[in-house]
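What follows is the content of final_5.cif (mmCIF, C-alpha atoms (C1' of nucleotides)).
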data_target
loop_
_atom_site.label_atom_id
_atom_site.label_comp_id
_atom_site.auth_asym_id
_atom_site.auth_seq_id
_atom_site.Cartn_x
_atom_site.Cartn_y
_atom_site.Cartn_z
CA MET A 1 -15.24 -15.99 10.34
CA ILE A 2 -14.87 -12.76 8.41
CA LEU A 3 -13.71 -9.78 10.46
CA PRO A 4 -16.75 -7.60 11.23
CA ARG A 5 -17.02 -3.92 10.46
CA ASP A 6 -16.54 -2.76 14.03
CA PHE A 7 -13.03 -4.18 13.90
CA TYR A 8 -12.24 -1.24 11.60
CA SER A 9 -14.20 1.44 13.42
CA GLY A 10 -11.23 2.84 15.36
CA SER A 11 -8.46 5.11 14.10
CA ALA A 12 -5.91 3.89 11.57
CA VAL A 13 -3.12 4.09 14.16
CA GLU A 14 -5.18 1.92 16.46
CA THR A 15 -6.22 -0.55 13.78
CA ALA A 16 -2.95 -1.02 11.87
CA PRO A 17 -1.11 -3.05 14.55
CA ARG A 18 -4.23 -5.10 15.26
CA LEU A 19 -4.33 -6.30 11.65
CA ILE A 20 -0.95 -8.00 11.93
CA GLY A 21 -1.42 -11.77 12.05
CA TYR A 22 -4.82 -11.83 10.38
CA ARG A 23 -5.42 -13.71 7.15
CA LEU A 24 -6.01 -11.70 3.99
CA VAL A 25 -8.19 -13.79 1.68
CA ARG A 26 -8.79 -13.25 -2.03
CA VAL A 27 -11.20 -15.51 -3.90
CA LEU A 28 -10.15 -15.50 -7.55
CA ASP A 29 -12.04 -17.66 -10.06
CA GLY A 30 -13.34 -19.75 -7.17
CA THR A 31 -9.87 -20.34 -5.75
CA ARG A 32 -8.79 -19.10 -2.33
CA LEU A 33 -5.53 -17.15 -2.26
CA ALA A 34 -4.43 -16.06 1.20
CA GLY A 35 -1.59 -14.73 3.26
CA ILE A 36 -0.90 -13.73 6.85
CA ILE A 37 -0.52 -9.97 7.19
CA THR A 38 2.98 -9.21 8.49
CA GLU A 39 3.34 -5.46 7.92
CA THR A 40 0.99 -2.46 7.92
CA GLU A 41 1.10 1.34 7.88
CA ALA A 42 -1.41 3.91 9.17
CA TYR A 43 -2.52 7.03 7.30
CA GLN A 44 -5.06 9.23 8.95
CA CYS A 45 -6.52 12.73 8.99
CA GLU A 46 -6.15 15.61 6.54
CA GLU A 47 -3.43 16.94 8.85
CA ASP A 48 -1.21 13.92 8.18
CA GLN A 49 0.94 15.27 5.37
CA ALA A 50 1.79 11.75 4.22
CA CYS A 51 -1.88 10.87 3.77
CA HIS A 52 -3.60 11.26 0.40
CA ALA A 53 -6.42 13.01 2.25
CA ARG A 54 -4.07 15.96 2.91
CA SER A 55 -5.65 17.41 -0.25
CA GLY A 56 -9.11 16.95 1.17
CA ARG A 57 -12.02 15.04 -0.26
CA THR A 58 -11.52 14.34 -3.97
CA PRO A 59 -12.76 11.56 -6.27
CA ARG A 60 -9.56 9.68 -5.53
CA THR A 61 -9.66 10.00 -1.74
CA GLU A 62 -13.41 9.51 -1.41
CA PRO A 63 -13.07 5.88 -0.21
CA MET A 64 -11.02 7.03 2.81
CA TYR A 65 -13.99 9.15 3.91
CA GLY A 66 -16.41 6.27 3.56
CA GLU A 67 -17.48 3.23 5.58
CA PRO A 68 -14.81 1.52 7.66
CA GLY A 69 -14.10 -2.03 6.55
CA CYS A 70 -14.05 -1.14 2.86
CA ALA A 71 -11.07 -1.23 0.51
CA TYR A 72 -9.16 1.77 -0.76
CA VAL A 73 -7.18 0.60 -3.78
CA TYR A 74 -5.15 3.18 -5.67
CA PHE A 75 -2.74 3.32 -8.59
CA THR A 76 0.76 4.78 -8.26
CA TYR A 77 4.08 5.13 -10.11
CA GLY A 78 2.22 4.44 -13.34
CA MET A 79 2.17 0.69 -12.71
CA HIS A 80 1.35 -0.39 -9.15
CA TRP A 81 -1.87 -1.01 -7.24
CA LEU A 82 -1.82 -0.65 -3.43
CA LEU A 83 -4.40 -2.03 -1.01
CA ASN A 84 -5.70 -0.25 2.09
CA ALA A 85 -8.38 -1.08 4.62
CA VAL A 86 -10.48 2.00 5.40
CA THR A 87 -10.91 2.67 9.12
CA ASP A 88 -12.55 5.18 11.47
CA ALA A 89 -15.97 6.80 11.29
CA PRO A 90 -17.48 7.88 7.95
CA GLY A 91 -16.34 11.44 7.27
CA THR A 92 -12.99 10.89 8.97
CA PRO A 93 -10.34 9.95 6.38
CA ALA A 94 -8.21 7.04 7.55
CA ALA A 95 -6.77 3.87 6.07
CA VAL A 96 -4.29 1.09 6.79
CA LEU A 97 -1.89 0.12 3.99
CA ILE A 98 -1.24 -3.61 3.76
CA ARG A 99 2.50 -3.79 3.12
CA ALA A 100 3.42 -7.48 3.35
CA ILE A 101 1.93 -10.94 3.66
CA PHE A 102 3.22 -14.47 4.21
CA PRO A 103 1.55 -16.82 1.70
CA VAL A 104 -0.48 -19.68 3.20
CA GLU A 105 -3.13 -20.65 0.62
CA GLY A 106 -3.09 -20.87 -3.16
CA THR A 107 0.64 -20.31 -3.24
CA GLN A 108 1.02 -21.87 -6.67
CA ARG A 109 -1.59 -19.58 -8.23
CA MET A 110 0.00 -16.56 -6.54
CA ALA A 111 3.34 -17.56 -7.99
CA GLU A 112 1.77 -17.67 -11.46
CA LEU A 113 0.38 -14.17 -10.96
CA ARG A 114 3.72 -12.90 -9.69
CA PRO A 115 6.47 -15.26 -10.91
CA MET A 116 9.39 -13.05 -10.00
CA LEU A 117 11.34 -14.61 -7.11
CA SER A 118 8.27 -16.68 -6.24
CA GLY A 119 8.92 -19.07 -3.38
CA GLN A 120 11.97 -17.16 -2.19
CA PRO A 121 11.85 -15.91 1.42
CA GLY A 122 9.87 -12.69 1.60
CA TRP A 123 8.68 -12.75 -2.00
CA LEU A 124 5.42 -11.00 -1.01
CA ASN A 125 6.96 -8.38 1.29
CA GLY A 126 5.89 -5.28 -0.59
CA PRO A 127 2.54 -3.51 -1.02
CA ALA A 128 2.59 -3.81 -4.83
CA LYS A 129 3.96 -7.35 -4.77
CA LEU A 130 1.06 -8.73 -2.78
CA THR A 131 -1.63 -7.02 -4.86
CA GLN A 132 -0.14 -8.52 -7.98
CA ALA A 133 -0.04 -11.99 -6.42
CA LEU A 134 -3.64 -11.69 -5.24
CA GLY A 135 -5.03 -10.25 -8.47
CA ILE A 136 -6.04 -6.97 -6.82
CA ASP A 137 -6.53 -3.82 -8.92
CA GLY A 138 -8.81 -0.80 -9.21
CA ASN A 139 -11.86 -2.99 -9.74
CA LEU A 140 -11.68 -3.74 -6.01
CA ASN A 141 -11.62 -0.10 -4.93
CA GLN A 142 -14.34 0.39 -2.31
CA ALA A 143 -14.99 -3.35 -2.12
CA ASP A 144 -16.56 -4.41 1.18
CA LEU A 145 -13.96 -6.31 3.20
CA CYS A 146 -16.71 -7.41 5.58
CA SER A 147 -18.61 -9.35 2.94
CA GLU A 148 -17.65 -12.68 1.40
CA GLN A 149 -19.34 -11.50 -1.80
CA SER A 150 -16.54 -9.03 -2.50
CA GLY A 151 -13.99 -11.80 -2.92
CA LEU A 152 -11.66 -9.90 -0.61
CA PHE A 153 -11.86 -10.13 3.18
CA LEU A 154 -9.98 -10.92 6.40
CA GLU A 155 -10.18 -13.94 8.65
CA GLU A 156 -8.58 -15.20 11.85
CA GLY A 157 -4.92 -15.92 11.32
CA ILE A 158 -2.13 -16.57 13.78
CA SER A 159 -1.73 -15.34 17.32
CA VAL A 160 1.00 -12.75 17.51
CA PRO A 161 3.36 -13.38 20.48
CA PRO A 162 3.88 -10.50 22.90
CA GLY A 163 6.78 -8.34 21.84
CA ALA A 164 6.76 -9.69 18.29
CA LEU A 165 5.71 -6.37 16.79
CA ARG A 166 8.19 -3.73 15.72
CA THR A 167 7.27 -0.09 15.29
CA VAL A 168 9.17 1.94 12.70
CA ALA A 169 8.77 5.03 10.55
CA ARG A 170 6.73 4.94 7.38
CA VAL A 171 8.57 4.67 4.08
CA GLY A 172 8.35 6.27 0.67
CA ILE A 173 7.41 9.66 2.08
CA ASN A 174 10.77 11.43 2.14
CA SER A 175 9.43 14.81 1.05
CA VAL A 176 6.81 14.84 3.81
CA PRO A 177 7.46 17.46 6.51
CA GLU A 178 7.88 16.76 10.20
CA PRO A 179 6.41 15.61 12.42
CA TRP A 180 4.57 13.37 9.97
CA ARG A 181 7.66 11.97 8.31
CA SER A 182 8.92 10.51 11.58
CA LYS A 183 5.68 9.14 12.98
CA LEU A 184 6.19 5.53 13.99
CA TRP A 185 3.08 4.44 12.16
CA ARG A 186 4.47 1.30 10.52
CA TRP A 187 4.18 -2.07 12.22
CA GLN A 188 5.83 -5.36 11.32
CA LEU A 189 6.39 -8.80 12.72
CA ASP A 190 10.07 -8.91 13.51
CA PRO A 191 12.02 -11.43 11.42
CA ASN A 192 12.71 -13.75 14.36
CA SER A 193 9.07 -14.03 15.32
CA LEU A 194 8.11 -14.43 11.69
CA ARG A 195 10.42 -17.39 11.36
CA LYS A 196 9.35 -18.91 14.66
CA VAL A 197 5.62 -18.55 13.99
CA LEU A 198 5.46 -19.16 10.26
CA GLY A 199 8.55 -21.16 9.56
"C1'" DC B 1 -2.27 23.24 -19.74
"C1'" DG B 2 2.67 22.03 -18.00
"C1'" DG B 3 5.35 20.21 -14.65
"C1'" DC B 4 6.30 17.76 -10.72
"C1'" DC B 5 6.06 13.81 -8.05
"C1'" DG B 6 4.42 9.76 -6.03
"C1'" DA B 7 2.23 5.09 0.48
"C1'" DT B 8 7.12 1.03 -5.59
"C1'" DT B 9 9.98 -2.32 -7.75
"C1'" DA B 10 13.63 -4.37 -10.60
"C1'" DT B 11 17.88 -3.85 -12.31
"C1'" DC B 12 21.70 -1.93 -12.86
"C1'" DT B 13 26.81 -0.08 -10.72
"C1'" DG C 1 23.26 3.33 -3.90
"C1'" DA C 2 21.19 5.16 -8.30
"C1'" DT C 3 17.87 5.05 -11.74
"C1'" DA C 4 14.34 3.70 -15.23
"C1'" DA C 5 9.66 2.34 -15.89
"C1'" DT C 6 5.17 4.77 -16.55
"C1'" DC C 7 0.88 7.61 -15.72
"C1'" DG C 8 -2.69 9.86 -12.87
"C1'" DG C 9 -3.44 13.36 -9.33
"C1'" DC C 10 -2.67 17.86 -7.90
"C1'" DC C 11 -1.11 22.56 -8.12
"C1'" DG C 12 0.33 26.84 -10.23
"C1'" DG C 13 -0.12 29.86 -14.32
#

With the file now loaded, output its structure as structure tokens.
Amino acid sequence: MILPRDFYSGSAVETAPRLIGYRLVRVLDGTRLAGIITETEAYQCEEDQACHARSGRTPRTEPMYGEPGCAYVYFTYGMHWLLNAVTDAPGTPAAVLIRAIFPVEGTQRMAELRPMLSGQPGWLNGPAKLTQALGIDGNLNQADLCSEQSGLFLEEGISVPPGALRTVARVGINSVPEPWRSKLWRWQLDPNSLRKVLG
DNA sequence: CGGCCGATTATCT
DNA sequence: GATAATCGGCCGG
């Protein structure tokens, strides 16, 4: 079953940890590519100085102001695409960055799309690594994650054991002022639990 | 316009 | 640890 829209209707901080353990599915040329989400980050509100919406509503940030359950895919560093799930009510900018997955379906195809270190432990533990492996780019910006038609959606995954989640500060935002820089808005399955649950 | 810098990654030392 | 790669968004002039 595809995760319904109301799963995304809360804030980004509320939704980000809940997404850990779910299965991110990409249908590419009729083939299912999928991974278990193991790390997420929350970005919400124009006040959050790490959030793109700090500049207000612009063509780029428009997806964050839209329907929850849609994709916000943006281009950065001149070469990378990053995938977010939009959350919260329309008009309230919020999104959850998908930072890492553990491959479970279509691994061979994913390795073709991203050959570097493919198969090595943690080879999809980066927001730009997983988009490359799943064939995600700007064409999927604003795609509906609640519809199978989009070719990008979430499904049930694994059950996350109690205490398996770690909360840490967001990364890549070193010039962001306090208190935003130190918000513990990044969630990850700790390595032990990851190994125990996923091998 | 010009300049800075980025929700990153690979490849050096 | 440091840095190149590489380009669009945003801000100041």

Using only C-alpha atoms (C1' of nucleotides), give me every residue within 10 Å of (-3.8, -24.9, 2.4) in file coordinates, as a PyMOL selection string. chain A and resi 32-34+103-107

Using all atoms listed in the file, find the residues of chain B whose closest atom to chain A is at most 10 Å away, then write them as a list in words.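 Taking all atoms listed in the file into account, DC5, DG6, DA7, DT8, DT9 and DA10 of chain B sit within 10 Å of chain A.
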
Output C-alpha atoms (C1' of nucleotides) for every residue in the selection just made, as a PDB file, keeping the file's coordinate frame.
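Writing the result to selection-v5.pdb gives the following:
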ATOM      1  C1'  DC B   5       6.060  13.810  -8.050  1.00  0.00           C
ATOM      2  C1'  DG B   6       4.420   9.760  -6.030  1.00  0.00           C
ATOM      3  C1'  DA B   7       2.230   5.090   0.480  1.00  0.00           C
ATOM      4  C1'  DT B   8       7.120   1.030  -5.590  1.00  0.00           C
ATOM      5  C1'  DT B   9       9.980  -2.320  -7.750  1.00  0.00           C
ATOM      6  C1'  DA B  10      13.630  -4.370 -10.600  1.00  0.00           C
TER       7       DA B  10
END

Mind telling me what the PyMOL selection byres ((chain C and resi 10) around 10) catches here, as a tab-separated table (two decimals) with C-alpha atoms (C1' of nucleotides), in the coordinates of the input?
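Written file, selection_23.tsv:
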chain	number	residue	atom	x	y	z
A	55	SER	CA	-5.65	17.41	-0.25
B	4	DC	C1'	6.30	17.76	-10.72
B	5	DC	C1'	6.06	13.81	-8.05
C	8	DG	C1'	-2.69	9.86	-12.87
C	9	DG	C1'	-3.44	13.36	-9.33
C	11	DC	C1'	-1.11	22.56	-8.12
C	12	DG	C1'	0.33	26.84	-10.23

Computed interatomic separation between atom CA of A:Gly138 and atom CA of A:Leu152 (Å):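 According to the coordinates, atom CA of A:Gly138 and atom CA of A:Leu152 are separated by 12.8 Å.
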
Using the chain letters and numbers from this file, what does the PyMOL selection byres ((chain B and resi 1) around 10) select? Give the answer as a PyMOL selection string. (chain B and resi 2-3) or (chain C and resi 13)

Atom CA of A:Leu3 to atom CA of A:Gly30, distance in Å rounded to a single decimal: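 About the pair atom CA of A:Leu3 and atom CA of A:Gly30: they are 20.3 Å apart.
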
Distance of atom CA of A:Leu19 from atom CA of A:Val197, expressed in Å to one decimal place: 16.0 Å

If we count only C-alpha atoms (C1' of nucleotides) and set the cut-off at 12 Å, which residues sit around B:DC12, ignoring sequence neighbours fewer than 2 positions away in its own chain? Please answer as a PDB file with C-alpha atoms (C1' of nucleotides), in the frame of the given file.
ATOM      1  C1'  DA B  10      13.630  -4.370 -10.600  1.00  0.00           C
TER       2       DA B  10
ATOM      3  C1'  DG C   1      23.260   3.330  -3.900  1.00  0.00           C
ATOM      4  C1'  DA C   2      21.190   5.160  -8.300  1.00  0.00           C
ATOM      5  C1'  DT C   3      17.870   5.050 -11.740  1.00  0.00           C
ATOM      6  C1'  DA C   4      14.340   3.700 -15.230  1.00  0.00           C
TER       7       DA C   4
END

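Once the PyMOL selection byres ((chain A and resi 153) around 10) is applied to this file, the selection holds Met1, Ile2, Leu3, Pro4, Arg23, Leu24, Val25, Arg26, Val27, Ala34, Gly69, Cys70, Ala71, Ala85, Ala143, Asp144, Leu145, Cys146, Ser147, Glu148, Gln149, Ser150, Gly151, Leu152, Leu154 and Glu155 of chain A.
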
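Compared by their closest atoms to chain C, and using all atoms listed in the file, the residues A:Gly21, A:Pro93, A:Gly135, A:Gly56 rank with A:Gly56 nearest.
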
Add whatever atoms are absent from stretch 18-35 of chain A to reach N, CA, C and O atoms, and provide the output as a PDB file, in the coordinates of the input.
ATOM      1  N   ARG A  18      -3.307  -3.997  14.995  1.00  0.00           N
ATOM      2  CA  ARG A  18      -4.230  -5.100  15.260  1.00  0.00           C
ATOM      3  C   ARG A  18      -4.409  -6.011  14.058  1.00  0.00           C
ATOM      4  O   ARG A  18      -4.811  -7.162  14.203  1.00  0.00           O
ATOM      5  N   LEU A  19      -4.135  -5.500  12.871  1.00  0.00           N
ATOM      6  CA  LEU A  19      -4.330  -6.300  11.650  1.00  0.00           C
ATOM      7  C   LEU A  19      -3.214  -7.303  11.428  1.00  0.00           C
ATOM      8  O   LEU A  19      -3.367  -8.266  10.682  1.00  0.00           O
ATOM      9  N   ILE A  20      -2.067  -7.069  12.083  1.00  0.00           N
ATOM     10  CA  ILE A  20      -0.950  -8.000  11.930  1.00  0.00           C
ATOM     11  C   ILE A  20      -1.366  -9.379  12.454  1.00  0.00           C
ATOM     12  O   ILE A  20      -1.916  -9.496  13.538  1.00  0.00           O
ATOM     13  N   GLY A  21      -1.099 -10.403  11.644  1.00  0.00           N
ATOM     14  CA  GLY A  21      -1.420 -11.770  12.050  1.00  0.00           C
ATOM     15  C   GLY A  21      -2.730 -12.279  11.475  1.00  0.00           C
ATOM     16  O   GLY A  21      -2.971 -13.494  11.472  1.00  0.00           O
ATOM     17  N   TYR A  22      -3.579 -11.371  10.995  1.00  0.00           N
ATOM     18  CA  TYR A  22      -4.820 -11.830  10.380  1.00  0.00           C
ATOM     19  C   TYR A  22      -4.573 -12.309   8.966  1.00  0.00           C
ATOM     20  O   TYR A  22      -3.544 -12.012   8.355  1.00  0.00           O
ATOM     21  N   ARG A  23      -5.553 -13.076   8.463  1.00  0.00           N
ATOM     22  CA  ARG A  23      -5.420 -13.710   7.150  1.00  0.00           C
ATOM     23  C   ARG A  23      -6.158 -12.907   6.091  1.00  0.00           C
ATOM     24  O   ARG A  23      -7.364 -12.711   6.193  1.00  0.00           O
ATOM     25  N   LEU A  24      -5.413 -12.426   5.119  1.00  0.00           N
ATOM     26  CA  LEU A  24      -6.010 -11.700   3.990  1.00  0.00           C
ATOM     27  C   LEU A  24      -6.381 -12.715   2.925  1.00  0.00           C
ATOM     28  O   LEU A  24      -5.532 -13.447   2.431  1.00  0.00           O
ATOM     29  N   VAL A  25      -7.682 -12.771   2.609  1.00  0.00           N
ATOM     30  CA  VAL A  25      -8.190 -13.790   1.680  1.00  0.00           C
ATOM     31  C   VAL A  25      -8.722 -13.136   0.403  1.00  0.00           C
ATOM     32  O   VAL A  25      -9.482 -12.173   0.463  1.00  0.00           O
ATOM     33  N   ARG A  26      -8.303 -13.689  -0.720  1.00  0.00           N
ATOM     34  CA  ARG A  26      -8.790 -13.250  -2.030  1.00  0.00           C
ATOM     35  C   ARG A  26      -9.351 -14.470  -2.738  1.00  0.00           C
ATOM     36  O   ARG A  26      -8.642 -15.484  -2.888  1.00  0.00           O
ATOM     37  N   VAL A  27     -10.626 -14.413  -3.132  1.00  0.00           N
ATOM     38  CA  VAL A  27     -11.200 -15.510  -3.900  1.00  0.00           C
ATOM     39  C   VAL A  27     -11.179 -15.113  -5.370  1.00  0.00           C
ATOM     40  O   VAL A  27     -11.854 -14.165  -5.777  1.00  0.00           O
ATOM     41  N   LEU A  28     -10.369 -15.830  -6.140  1.00  0.00           N
ATOM     42  CA  LEU A  28     -10.150 -15.500  -7.550  1.00  0.00           C
ATOM     43  C   LEU A  28     -10.536 -16.712  -8.401  1.00  0.00           C
ATOM     44  O   LEU A  28      -9.927 -17.769  -8.275  1.00  0.00           O
ATOM     45  N   ASP A  29     -11.559 -16.555  -9.231  1.00  0.00           N
ATOM     46  CA  ASP A  29     -12.040 -17.660 -10.060  1.00  0.00           C
ATOM     47  C   ASP A  29     -12.349 -18.890  -9.207  1.00  0.00           C
ATOM     48  O   ASP A  29     -12.037 -20.011  -9.589  1.00  0.00           O
ATOM     49  N   GLY A  30     -12.937 -18.648  -8.040  1.00  0.00           N
ATOM     50  CA  GLY A  30     -13.340 -19.750  -7.170  1.00  0.00           C
ATOM     51  C   GLY A  30     -12.215 -20.339  -6.340  1.00  0.00           C
ATOM     52  O   GLY A  30     -12.433 -21.250  -5.552  1.00  0.00           O
ATOM     53  N   THR A  31     -11.012 -19.826  -6.506  1.00  0.00           N
ATOM     54  CA  THR A  31      -9.870 -20.340  -5.750  1.00  0.00           C
ATOM     55  C   THR A  31      -9.477 -19.373  -4.639  1.00  0.00           C
ATOM     56  O   THR A  31      -9.421 -18.162  -4.853  1.00  0.00           O
ATOM     57  N   ARG A  32      -9.221 -19.935  -3.451  1.00  0.00           N
ATOM     58  CA  ARG A  32      -8.790 -19.100  -2.330  1.00  0.00           C
ATOM     59  C   ARG A  32      -7.279 -18.859  -2.389  1.00  0.00           C
ATOM     60  O   ARG A  32      -6.490 -19.799  -2.439  1.00  0.00           O
ATOM     61  N   LEU A  33      -6.925 -17.561  -2.402  1.00  0.00           N
ATOM     62  CA  LEU A  33      -5.530 -17.150  -2.260  1.00  0.00           C
ATOM     63  C   LEU A  33      -5.465 -16.410  -0.935  1.00  0.00           C
ATOM     64  O   LEU A  33      -6.319 -15.575  -0.651  1.00  0.00           O
ATOM     65  N   ALA A  34      -4.461 -16.719  -0.112  1.00  0.00           N
ATOM     66  CA  ALA A  34      -4.430 -16.060   1.200  1.00  0.00           C
ATOM     67  C   ALA A  34      -3.029 -15.944   1.746  1.00  0.00           C
ATOM     68  O   ALA A  34      -2.139 -16.730   1.419  1.00  0.00           O
ATOM     69  N   GLY A  35      -2.860 -14.924   2.589  1.00  0.00           N
ATOM     70  CA  GLY A  35      -1.590 -14.730   3.260  1.00  0.00           C
ATOM     71  C   GLY A  35      -1.796 -14.095   4.617  1.00  0.00           C
ATOM     72  O   GLY A  35      -2.783 -13.388   4.835  1.00  0.00           O
TER      73      GLY A  35
END
